[in-house]
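For reference, query-v3.tsv (TSV, C-alpha atoms):
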chain	number	residue	atom	x	y	z
E	42	MET	CA	28.78	-2.35	-8.05
E	43	ARG	CA	25.03	-1.99	-8.45
E	44	LYS	CA	23.12	-0.16	-5.75
E	45	ASP	CA	21.21	-3.35	-4.88
E	46	ASP	CA	24.46	-5.31	-4.38
E	47	TYR	CA	25.40	-3.14	-1.47
E	48	LEU	CA	24.71	-4.69	1.92
E	49	GLY	CA	22.76	-2.09	3.88
E	50	ASN	CA	22.55	-1.66	7.62
E	51	PHE	CA	19.22	-3.48	7.89
E	52	ASP	CA	20.46	-6.31	5.66
E	53	LEU	CA	23.49	-6.79	7.85
E	54	MET	CA	21.35	-6.80	11.00
E	55	LEU	CA	19.08	-9.41	9.42
E	56	LEU	CA	21.98	-11.67	8.46
E	57	LEU	CA	23.43	-11.37	11.97
E	58	ALA	CA	20.02	-12.20	13.45
E	59	LEU	CA	19.85	-15.31	11.26
E	60	LEU	CA	23.30	-16.36	12.48
E	61	ARG	CA	22.26	-15.91	16.11
E	62	LEU	CA	18.91	-17.68	15.75
E	63	GLY	CA	20.13	-20.62	13.66
E	64	GLU	CA	17.33	-23.13	13.05
E	65	GLU	CA	14.72	-21.03	14.83
E	66	ALA	CA	14.79	-18.03	12.47
E	67	TYR	CA	11.33	-17.06	11.20
E	68	GLY	CA	9.38	-13.79	11.05
E	69	VAL	CA	8.48	-13.55	14.76
E	70	THR	CA	11.86	-14.57	16.21
E	71	ILE	CA	13.77	-12.38	13.74
E	72	ALA	CA	11.62	-9.35	14.57
E	73	GLN	CA	11.99	-10.02	18.32
E	74	GLU	CA	15.76	-10.38	18.00
E	75	LEU	CA	16.05	-7.10	16.07
E	76	GLU	CA	13.79	-5.28	18.52
E	77	GLU	CA	15.80	-6.53	21.50
E	78	GLN	CA	19.09	-5.48	19.94
E	79	THR	CA	18.00	-2.12	18.51
E	80	GLY	CA	15.23	-1.11	20.91
E	81	ARG	CA	13.03	-0.13	17.96
E	82	GLU	CA	9.80	-1.60	16.65
E	83	VAL	CA	10.29	-3.69	13.53
E	84	VAL	CA	7.68	-4.01	10.78
E	85	ILE	CA	7.41	-7.74	10.09
E	86	ALA	CA	6.51	-7.16	6.41
E	87	SER	CA	9.73	-5.19	5.87
E	88	VAL	CA	11.71	-8.09	7.37
E	89	TYR	CA	10.20	-10.37	4.71
E	90	ALA	CA	10.73	-7.81	1.95
E	91	ARG	CA	14.46	-7.51	2.74
E	92	LEU	CA	14.91	-11.25	3.26
E	93	GLU	CA	13.30	-11.85	-0.13
E	94	ARG	CA	15.91	-9.53	-1.68
E	95	LEU	CA	18.72	-11.32	0.14
E	96	GLN	CA	17.33	-14.63	-1.06
E	97	GLU	CA	17.37	-13.37	-4.67
E	98	ARG	CA	21.06	-12.59	-4.14
E	99	GLY	CA	21.69	-16.10	-2.80
E	100	LEU	CA	22.62	-14.94	0.70
E	101	VAL	CA	19.62	-16.57	2.37
E	102	THR	CA	17.46	-19.66	1.79
E	103	SER	CA	13.97	-20.32	3.10
E	104	SER	CA	11.66	-23.24	3.78
E	105	VAL	CA	8.03	-23.52	4.83
E	106	GLY	CA	7.30	-25.11	8.23
E	107	ASP	CA	4.15	-26.56	9.73
E	108	SER	CA	1.03	-24.54	10.40
E	109	THR	CA	-0.06	-24.11	14.02
E	110	PRO	CA	-3.42	-23.10	15.60
E	111	GLU	CA	-1.97	-20.02	17.38
E	112	ARG	CA	-1.00	-18.70	13.95
E	113	GLY	CA	-4.52	-19.13	12.62
E	114	GLY	CA	-3.45	-22.29	10.79
E	115	ARG	CA	-0.78	-20.46	8.81
E	116	ALA	CA	2.66	-21.93	8.22
E	117	LYS	CA	5.94	-20.39	9.41
E	118	ARG	CA	8.59	-19.53	6.88
E	119	TYR	CA	12.07	-20.33	8.16
E	120	PHE	CA	15.16	-18.54	6.88
E	121	ARG	CA	18.79	-19.66	6.94
E	122	ILE	CA	21.93	-17.86	5.98
E	123	THR	CA	23.95	-19.46	3.15
E	124	ALA	CA	27.73	-19.78	2.80
E	125	ALA	CA	27.67	-16.76	0.48
E	126	GLY	CA	25.74	-14.86	3.17
E	127	ILE	CA	28.34	-15.71	5.81
E	128	ARG	CA	31.11	-14.52	3.44
E	129	GLU	CA	29.21	-11.28	2.91
E	130	VAL	CA	28.91	-10.74	6.68
E	131	ARG	CA	32.67	-11.37	7.13
E	132	ASP	CA	33.48	-8.89	4.33
E	133	ALA	CA	31.18	-6.29	5.85
E	134	ARG	CA	32.79	-6.78	9.27
E	135	ARG	CA	36.28	-6.44	7.80
E	136	SER	CA	35.33	-3.23	5.97
E	137	LEU	CA	33.65	-1.79	9.05
E	138	MET	CA	36.59	-2.70	11.30
E	139	ASN	CA	39.02	-1.03	8.89
E	140	LEU	CA	36.90	2.10	8.77
E	141	TRP	CA	36.48	2.03	12.53
E	142	LYS	CA	40.23	1.64	13.19
E	143	SER	CA	41.05	4.67	11.09
E	144	LEU	CA	38.64	6.85	13.05
E	145	PRO	CA	39.90	9.20	15.75
E	146	GLU	CA	38.39	8.63	19.19
E	147	LEU	CA	34.74	9.68	19.22
E	148	LYS	CA	33.68	12.40	21.56
E	149	GLY	CA	32.51	11.00	24.91
E	150	GLU	CA	33.66	7.46	24.14
E	151	LYS	CA	36.58	5.61	25.68
E	152	ALA	CA	39.00	4.01	23.25
I	25	MET	CA	-8.79	-8.16	29.23
I	26	THR	CA	-7.62	-8.31	25.65
I	27	SER	CA	-9.08	-10.60	23.02
I	28	LYS	CA	-6.63	-13.16	21.62
I	29	GLU	CA	-8.25	-12.80	18.20
I	30	PRO	CA	-6.48	-10.10	16.17
I	31	PRO	CA	-8.60	-7.20	14.82
I	32	LYS	CA	-10.70	-8.72	12.04
I	33	ILE	CA	-10.85	-5.66	9.77
I	34	ALA	CA	-7.07	-5.19	9.81
I	35	THR	CA	-6.61	-8.90	9.05
I	36	TRP	CA	-9.13	-8.69	6.22
I	37	MET	CA	-7.41	-5.63	4.75
I	38	LEU	CA	-3.96	-7.21	4.84
I	39	LYS	CA	-5.31	-10.46	3.41
I	40	HIS	CA	-7.01	-8.72	0.48
I	41	PHE	CA	-4.75	-5.73	-0.20
I	42	GLY	CA	-1.37	-7.13	0.74
I	43	SER	CA	0.33	-8.33	-2.43
I	44	ASP	CA	3.39	-9.90	-0.85
I	45	LEU	CA	4.07	-13.54	-1.72
I	46	ASN	CA	4.69	-14.04	2.00
I	47	ASN	CA	1.31	-12.59	2.99
I	48	ASP	CA	0.18	-15.82	4.60
I	49	ALA	CA	3.37	-16.15	6.66
I	50	ILE	CA	3.11	-12.47	7.66
I	51	LEU	CA	-0.50	-12.93	8.80
I	52	GLY	CA	0.57	-15.98	10.81
I	53	ASP	CA	3.46	-14.07	12.41
I	54	LEU	CA	1.18	-11.16	13.29
I	55	ALA	CA	-1.40	-13.51	14.83
I	56	GLU	CA	1.31	-15.22	16.88
I	57	ARG	CA	2.81	-11.97	18.14
I	58	TYR	CA	-0.60	-10.47	18.83
I	59	ARG	CA	-1.30	-13.26	21.33
I	60	GLU	CA	1.79	-12.18	23.21
I	61	LYS	CA	1.45	-8.38	22.83
I	62	GLY	CA	-2.34	-7.98	22.83
I	63	SER	CA	-2.16	-4.47	21.36
I	64	ALA	CA	-4.72	-3.70	18.66
I	65	MET	CA	-2.82	-0.50	17.80
I	66	TRP	CA	0.35	-2.47	17.20
I	67	TYR	CA	-1.55	-4.96	15.03
I	68	TRP	CA	-3.15	-2.22	12.93
I	69	ARG	CA	0.21	-0.50	12.48
I	70	GLN	CA	1.83	-3.75	11.34
I	71	ALA	CA	-1.04	-4.65	9.00
I	72	MET	CA	-1.17	-1.22	7.33
I	73	SER	CA	2.64	-1.13	7.05
I	74	GLY	CA	2.46	-4.60	5.49
I	75	ILE	CA	0.12	-3.33	2.77
I	76	ALA	CA	2.33	-0.28	2.14
I	77	VAL	CA	5.57	-2.32	2.04
I	78	SER	CA	4.15	-4.80	-0.48
I	79	LEU	CA	2.67	-2.01	-2.61
I	80	PHE	CA	5.91	-0.01	-2.80
I	81	ARG	CA	7.86	-3.17	-3.50
I	82	GLU	CA	5.59	-4.03	-6.42
I	83	ILE	CA	5.74	-0.49	-7.83
I	84	ARG	CA	9.52	-0.39	-7.48
I	85	GLY	CA	9.91	-3.75	-9.17
I	86	HIS	CA	7.42	-3.06	-11.98
I	87	LYS	CA	7.55	0.66	-12.75
I	88	TRP	CA	6.24	0.39	-16.31
I	89	ILE	CA	3.35	-1.84	-15.35
I	90	ALA	CA	2.48	0.60	-12.56
I	91	ALA	CA	2.60	3.54	-14.99
I	92	ARG	CA	0.43	1.64	-17.50
I	93	SER	CA	-2.21	0.79	-14.92
I	94	LEU	CA	-2.40	4.43	-13.82
I	95	VAL	CA	-2.70	5.65	-17.41
I	96	MET	CA	-5.37	3.03	-18.15
I	97	GLY	CA	-7.50	3.87	-15.11
I	98	TRP	CA	-7.32	7.61	-15.51
I	99	PHE	CA	-7.82	7.45	-19.28
I	100	MET	CA	-11.09	5.59	-18.73
I	101	TRP	CA	-12.29	8.25	-16.29
I	102	ILE	CA	-11.29	11.13	-18.59
I	103	LEU	CA	-13.10	9.37	-21.42
I	104	TYR	CA	-16.23	9.17	-19.25
I	105	VAL	CA	-16.24	12.80	-18.05
I	106	THR	CA	-15.42	14.28	-21.45
I	107	LEU	CA	-17.58	12.09	-23.71
I	108	ILE	CA	-20.26	10.21	-21.76
I	109	PHE	CA	-20.98	12.54	-18.83
I	110	PRO	CA	-22.11	15.49	-21.05
I	111	LEU	CA	-24.53	13.15	-22.83
I	112	LEU	CA	-26.01	11.91	-19.56
I	113	THR	CA	-26.59	15.25	-17.86
I	114	PRO	CA	-29.66	16.33	-19.90
I	115	LEU	CA	-31.36	13.06	-18.94
I	116	PHE	CA	-31.06	13.96	-15.28
I	117	SER	CA	-31.07	17.73	-15.02
I	118	GLY	CA	-32.56	18.96	-18.28
I	119	SER	CA	-29.48	21.00	-19.18
I	120	HIS	CA	-26.02	20.26	-20.54
I	121	PHE	CA	-22.92	20.16	-18.37
I	122	ALA	CA	-19.45	19.69	-19.77
I	123	VAL	CA	-15.94	19.48	-18.43
I	124	ALA	CA	-13.96	22.72	-18.69
I	125	ILE	CA	-10.45	22.06	-19.96
I	126	VAL	CA	-8.46	25.27	-19.64
I	127	PRO	CA	-4.69	24.90	-20.22
I	128	GLN	CA	-4.03	28.21	-18.41
I	129	ASP	CA	-5.75	26.88	-15.31
I	130	PRO	CA	-4.48	23.32	-14.66
I	131	ILE	CA	-5.90	23.15	-11.13
I	132	GLY	CA	-9.32	24.31	-12.30
I	133	THR	CA	-9.17	21.76	-15.12
I	134	ALA	CA	-8.24	19.01	-12.65
I	135	TRP	CA	-11.24	19.98	-10.46
I	136	SER	CA	-13.46	19.88	-13.48
I	137	VAL	CA	-12.18	16.51	-14.71
I	138	LEU	CA	-12.25	14.90	-11.31
I	139	TRP	CA	-15.20	16.55	-9.65
I	140	ALA	CA	-17.34	17.54	-12.66
I	141	PRO	CA	-20.22	15.27	-11.67
I	142	VAL	CA	-20.46	16.88	-8.27
I	143	LEU	CA	-19.28	20.50	-8.44
I	144	GLY	CA	-22.09	23.00	-7.97
I	145	GLN	CA	-24.03	20.65	-5.72
I	146	ALA	CA	-23.88	21.69	-2.09
I	147	ASN	CA	-26.16	18.89	-0.91
I	148	PHE	CA	-28.08	15.85	-2.08
I	149	GLY	CA	-31.17	17.90	-2.88
I	150	THR	CA	-32.37	15.57	-5.58
I	151	SER	CA	-31.92	11.99	-6.55
I	152	PHE	CA	-30.13	13.27	-9.68
I	153	SER	CA	-27.38	14.87	-7.62
I	154	PHE	CA	-27.01	11.61	-5.70
I	155	ALA	CA	-26.74	9.71	-8.99
I	156	PHE	CA	-24.04	12.08	-10.27
I	157	ALA	CA	-22.12	12.26	-7.01
I	158	VAL	CA	-22.22	8.62	-5.98
I	159	GLY	CA	-23.95	6.28	-8.39
I	160	LEU	CA	-22.21	7.06	-11.68
I	161	PRO	CA	-18.68	7.50	-10.24
I	162	LEU	CA	-19.13	4.21	-8.39
I	163	VAL	CA	-20.11	2.42	-11.60
I	164	VAL	CA	-17.42	4.05	-13.76
I	165	TRP	CA	-14.60	3.54	-11.27
I	166	THR	CA	-15.73	-0.05	-10.69
I	167	ILE	CA	-15.28	-0.64	-14.42
I	168	CYS	CA	-11.86	1.12	-14.30
I	169	GLY	CA	-10.77	-1.05	-11.35
I	170	TRP	CA	-11.98	-4.20	-13.07
I	171	LEU	CA	-10.13	-3.32	-16.28
I	172	VAL	CA	-6.88	-2.54	-14.46
I	173	ALA	CA	-7.13	-5.86	-12.62
I	174	ARG	CA	-8.04	-7.70	-15.83
I	175	PHE	CA	-5.03	-6.38	-17.75
I	176	HIS	CA	-2.53	-6.75	-14.91
I	177	ARG	CA	-3.37	-10.22	-13.64
I	178	ASP	CA	0.02	-10.93	-12.06
I	179	HIS	CA	-0.03	-7.67	-10.12
I	180	GLU	CA	-3.74	-6.94	-9.86
I	181	THR	CA	-3.95	-6.24	-6.12
I	182	SER	CA	-1.10	-3.73	-6.09
I	183	MET	CA	-2.11	-2.03	-9.35
I	184	VAL	CA	-5.73	-1.60	-8.23
I	185	LEU	CA	-4.51	-0.27	-4.89
I	186	LEU	CA	-2.14	2.09	-6.69
I	187	LEU	CA	-5.00	3.49	-8.81
I	188	ALA	CA	-7.23	3.97	-5.74
I	189	GLY	CA	-4.33	5.56	-3.85
I	190	SER	CA	-3.51	7.91	-6.73
I	191	MET	CA	-7.11	9.10	-6.78
I	192	LEU	CA	-7.20	9.70	-3.06
I	193	LEU	CA	-3.88	11.54	-3.20
I	194	ILE	CA	-4.97	13.79	-6.09
I	195	ASP	CA	-8.28	14.52	-4.34
I	196	LEU	CA	-6.44	15.51	-1.17
I	197	LEU	CA	-3.96	17.67	-3.10
I	198	LEU	CA	-6.81	19.42	-4.91
I	199	ALA	CA	-8.79	20.05	-1.74
I	200	GLY	CA	-6.28	22.66	-0.47
I	201	PRO	CA	-6.45	25.02	-3.49
I	202	PHE	CA	-10.22	24.43	-3.62
I	203	ILE	CA	-10.66	25.73	-0.05
I	204	LEU	CA	-8.48	28.74	-0.87
I	205	ARG	CA	-10.41	29.56	-4.04
I	206	VAL	CA	-14.02	29.16	-2.91
I	207	GLY	CA	-13.54	29.94	0.76
I	208	PRO	CA	-13.79	27.68	3.80
I	209	PHE	CA	-17.58	27.92	4.19
I	210	VAL	CA	-18.52	26.92	0.64
I	211	ALA	CA	-15.67	24.38	0.56
I	212	SER	CA	-16.85	22.71	3.76
I	213	GLN	CA	-20.37	22.37	2.31
I	214	HIS	CA	-18.87	20.46	-0.62
I	215	LEU	CA	-16.11	18.60	1.18
I	216	PHE	CA	-18.39	17.24	3.88
I	217	GLY	CA	-21.27	16.63	1.50
I	218	PRO	CA	-21.48	15.33	-2.04
I	219	LEU	CA	-17.77	15.72	-2.69
I	220	ALA	CA	-16.81	13.47	0.23
I	221	ALA	CA	-19.41	10.95	-0.93
I	222	ASN	CA	-18.08	11.24	-4.48
I	223	ILE	CA	-14.46	10.61	-3.42
I	224	SER	CA	-15.45	7.69	-1.18
I	225	ALA	CA	-17.61	6.17	-3.92
I	226	SER	CA	-14.79	6.51	-6.46
I	227	VAL	CA	-12.16	4.89	-4.22
I	228	LEU	CA	-14.51	2.10	-3.17
I	229	GLY	CA	-15.50	1.62	-6.82
I	230	VAL	CA	-11.89	0.99	-7.87
I	231	LEU	CA	-11.29	-1.41	-4.99
I	232	PHE	CA	-14.58	-3.21	-5.57
I	233	GLY	CA	-13.95	-3.46	-9.33
I	234	GLY	CA	-10.48	-4.84	-8.72
I	235	LYS	CA	-11.80	-7.48	-6.36
I	236	LEU	CA	-14.76	-8.32	-8.59
I	237	ARG	CA	-12.50	-10.08	-11.09
I	238	HIS	CA	-10.81	-11.99	-8.30
I	239	ALA	CA	-14.14	-12.98	-6.72
I	240	LYS	CA	-15.32	-14.33	-10.05
I	241	ALA	CA	-12.11	-16.32	-10.49
I	242	VAL	CA	-12.53	-17.90	-7.03
Please go through the file and, once you have read it, give me the structure as structure tokens.
Amino acid sequence: MRKDDYLGNFDLMLLLALLRLGEEAYGVTIAQELEEQTGREVVIASVYARLERLQERGLVTSSVGDSTPERGGRAKRYFRITAAGIREVRDARRSLMNLWKSLPELKGEKA
Amino acid sequence: MTSKEPPKIATWMLKHFGSDLNNDAILGDLAERYREKGSAMWYWRQAMSGIAVSLFREIRGHKWIAARSLVMGWFMWILYVTLIFPLLTPLFSGSHFAVAIVPQDPIGTAWSVLWAPVLGQANFGTSFSFAFAVGLPLVVWTICGWLVARFHRDHETSMVLLLAGSMLLIDLLLAGPFILRVGPFVASQHLFGPLAANISASVLGVLFGGKLRHAKAV
């Protein structure tokens, strides 16, 4: 497996955000979703950079929307997860669940 | 009260130095979120991070092209300081100056190659020192920037930015040993005088040269 084939933490978070947002997934809503879930500021450009990579791997597709005045006349770029992307998320969940199950109880956490 | 218009300089910088294919969508997203957040600091952070993200992505994806653009830019400068600069100095100062290349002293050689036109000048006493510190480096680095952009058309913004960044980084790295060697007092005279002007002129020259080709194309 090449290094780039590996689904990283941020990639997985992005794919999950796309699943949650559905038709409304574009830069602003994705960044907001990630910030709400992680409590950390997200750089919008890095969201696009990772989504571009995921698109090259066929896990995501994108389309250009209409431009609006509050965006300075610039169009939104919408992203959607593909069937291959959903498979990748399921595989990642399965792997994580298996790893998680084999862990002893973490300190300070109820089973 | 906060203005709903995002900071213009940050927008301009991202628009011109961001090399991401999604630059337009990013600018739109930032404008939309700025209306809600209203924080200029946040906007600046996002815009500068946007430039950095696109630059690193381009370098990572095109390592050989990045290496070639660096070699090309620096080769042009070395050609100037070793061959043309010594010929120009008598016209301005009446005596010959040349770059000192000493293999045993790589840092000293780097100072000489990079700062030759300005070392030994503690202030802009004459118009000649101004020409050497600002005028000539501006012209030469503008040509370097233009050439790098000309030969790397598909990646011109990132390659020009990489060259300018490499120069700034090397200048900063050389400033430390320079202060240690000549002492803080003498160093401050240079670093806050002609040397600072020289570094600024060089960086601006590369950026200007890189954009010159683009401006002509538009």
Residue neighbourhood Gly126 (chain E), 12 Å, all atoms listed in the file, exclusion window fewer than 4 positions, as a ChimeraX atom specification: /E:48,52-53,55-57,59-60,92,95-102,120-122,130-133
Export C-alpha atoms of the chosen residues as a short mmCIF file (atom, residue, chain, number, x, y, z; two decimals), in the coordinates of the input?
data_model
loop_
_atom_site.label_atom_id
_atom_site.label_comp_id
_atom_site.auth_asym_id
_atom_site.auth_seq_id
_atom_site.Cartn_x
_atom_site.Cartn_y
_atom_site.Cartn_z
CA LEU E 48 24.71 -4.69 1.92
CA ASP E 52 20.46 -6.31 5.66
CA LEU E 53 23.49 -6.79 7.85
CA LEU E 55 19.08 -9.41 9.42
CA LEU E 56 21.98 -11.67 8.46
CA LEU E 57 23.43 -11.37 11.97
CA LEU E 59 19.85 -15.31 11.26
CA LEU E 60 23.30 -16.36 12.48
CA LEU E 92 14.91 -11.25 3.26
CA LEU E 95 18.72 -11.32 0.14
CA GLN E 96 17.33 -14.63 -1.06
CA GLU E 97 17.37 -13.37 -4.67
CA ARG E 98 21.06 -12.59 -4.14
CA GLY E 99 21.69 -16.10 -2.80
CA LEU E 100 22.62 -14.94 0.70
CA VAL E 101 19.62 -16.57 2.37
CA THR E 102 17.46 -19.66 1.79
CA PHE E 120 15.16 -18.54 6.88
CA ARG E 121 18.79 -19.66 6.94
CA ILE E 122 21.93 -17.86 5.98
CA VAL E 130 28.91 -10.74 6.68
CA ARG E 131 32.67 -11.37 7.13
CA ASP E 132 33.48 -8.89 4.33
CA ALA E 133 31.18 -6.29 5.85
#
Residue hits in chain I, query chain E, radius 10 Å, all atoms listed in the file, as a PyMOL selection string: chain I and resi 28-30+42+44-59+66+69-78+81
Between CA of Trp68 (chain I) and CA of Ser104 (chain E) - distance in Å to one decimal: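 Distance reported for this atom pair: 27.3 Å.
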Among listed residues I:Leu111, I:Ile167, I:Ala221, I:Ala91, nearest Trp139 (chain I) (using only C-alpha atoms): I:Ala221
Contacts of Thr166 (chain I) at 8 Å (all atoms listed in the file; same-chain gap of 6+ positions) as a PyMOL selection string: chain I and resi 226+228-234
Atom pair CA of Arg205 (chain I) / CA of Tyr104 (chain I): separation (Å): 26.1 Å
Would you compute, for all listed atoms of region 154-161 of chain I, the axis-aligned bounding box grown by 5 Å on each side, and then report its centre and edge lengths in Å rounded to one decimal, as lines of an AutoDock Vina configuration file?
center_x = -22.8
center_y = 9.3
center_z = -8.7
size_x = 18.3
size_y = 16.0
size_z = 16.0
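Going from CA of Gly63 (chain E) to CA of Asn50 (chain E) covers 20.0 Å.
Comparing the minimum interatomic distances between Gly159 (chain I) and each of I:Leu171, I:Val142, I:Val95, I:Ile89, counting all atoms listed in the file, we find that I:Val142 sits nearest.
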Rebuild region 157-169 of chain I so that it carries N, CA and C atoms, then output the result as a short mmCIF file (atom, residue, chain, number, x, y, z; two decimals), in the frame of the given file.
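part-v8.cif was written with the following content:
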data_model
loop_
_atom_site.label_atom_id
_atom_site.label_comp_id
_atom_site.auth_asym_id
_atom_site.auth_seq_id
_atom_site.Cartn_x
_atom_site.Cartn_y
_atom_site.Cartn_z
N ALA I 157 -23.18 12.22 -8.01
CA ALA I 157 -22.12 12.26 -7.01
C ALA I 157 -21.64 10.87 -6.61
N VAL I 158 -22.57 9.94 -6.52
CA VAL I 158 -22.22 8.62 -5.98
C VAL I 158 -22.43 7.48 -7.00
N GLY I 159 -23.59 7.41 -7.54
CA GLY I 159 -23.95 6.28 -8.39
C GLY I 159 -23.05 6.11 -9.61
N LEU I 160 -22.99 7.18 -10.45
CA LEU I 160 -22.21 7.06 -11.68
C LEU I 160 -20.71 6.91 -11.42
N PRO I 161 -20.11 7.74 -10.51
CA PRO I 161 -18.68 7.50 -10.24
C PRO I 161 -18.40 6.10 -9.73
N LEU I 162 -19.32 5.57 -8.92
CA LEU I 162 -19.13 4.21 -8.39
C LEU I 162 -19.09 3.20 -9.54
N VAL I 163 -20.03 3.36 -10.47
CA VAL I 163 -20.11 2.42 -11.60
C VAL I 163 -18.87 2.56 -12.49
N VAL I 164 -18.53 3.82 -12.82
CA VAL I 164 -17.42 4.05 -13.76
C VAL I 164 -16.09 3.58 -13.15
N TRP I 165 -15.87 3.94 -11.89
CA TRP I 165 -14.60 3.54 -11.27
C TRP I 165 -14.55 2.03 -11.00
N THR I 166 -15.71 1.42 -10.82
CA THR I 166 -15.73 -0.05 -10.69
C THR I 166 -15.25 -0.68 -11.99
N ILE I 167 -15.71 -0.13 -13.10
CA ILE I 167 -15.28 -0.64 -14.42
C ILE I 167 -13.76 -0.41 -14.58
N CYS I 168 -13.30 0.81 -14.19
CA CYS I 168 -11.86 1.12 -14.30
C CYS I 168 -11.05 0.12 -13.47
N GLY I 169 -11.48 -0.12 -12.24
CA GLY I 169 -10.77 -1.05 -11.35
C GLY I 169 -10.75 -2.45 -11.93
#
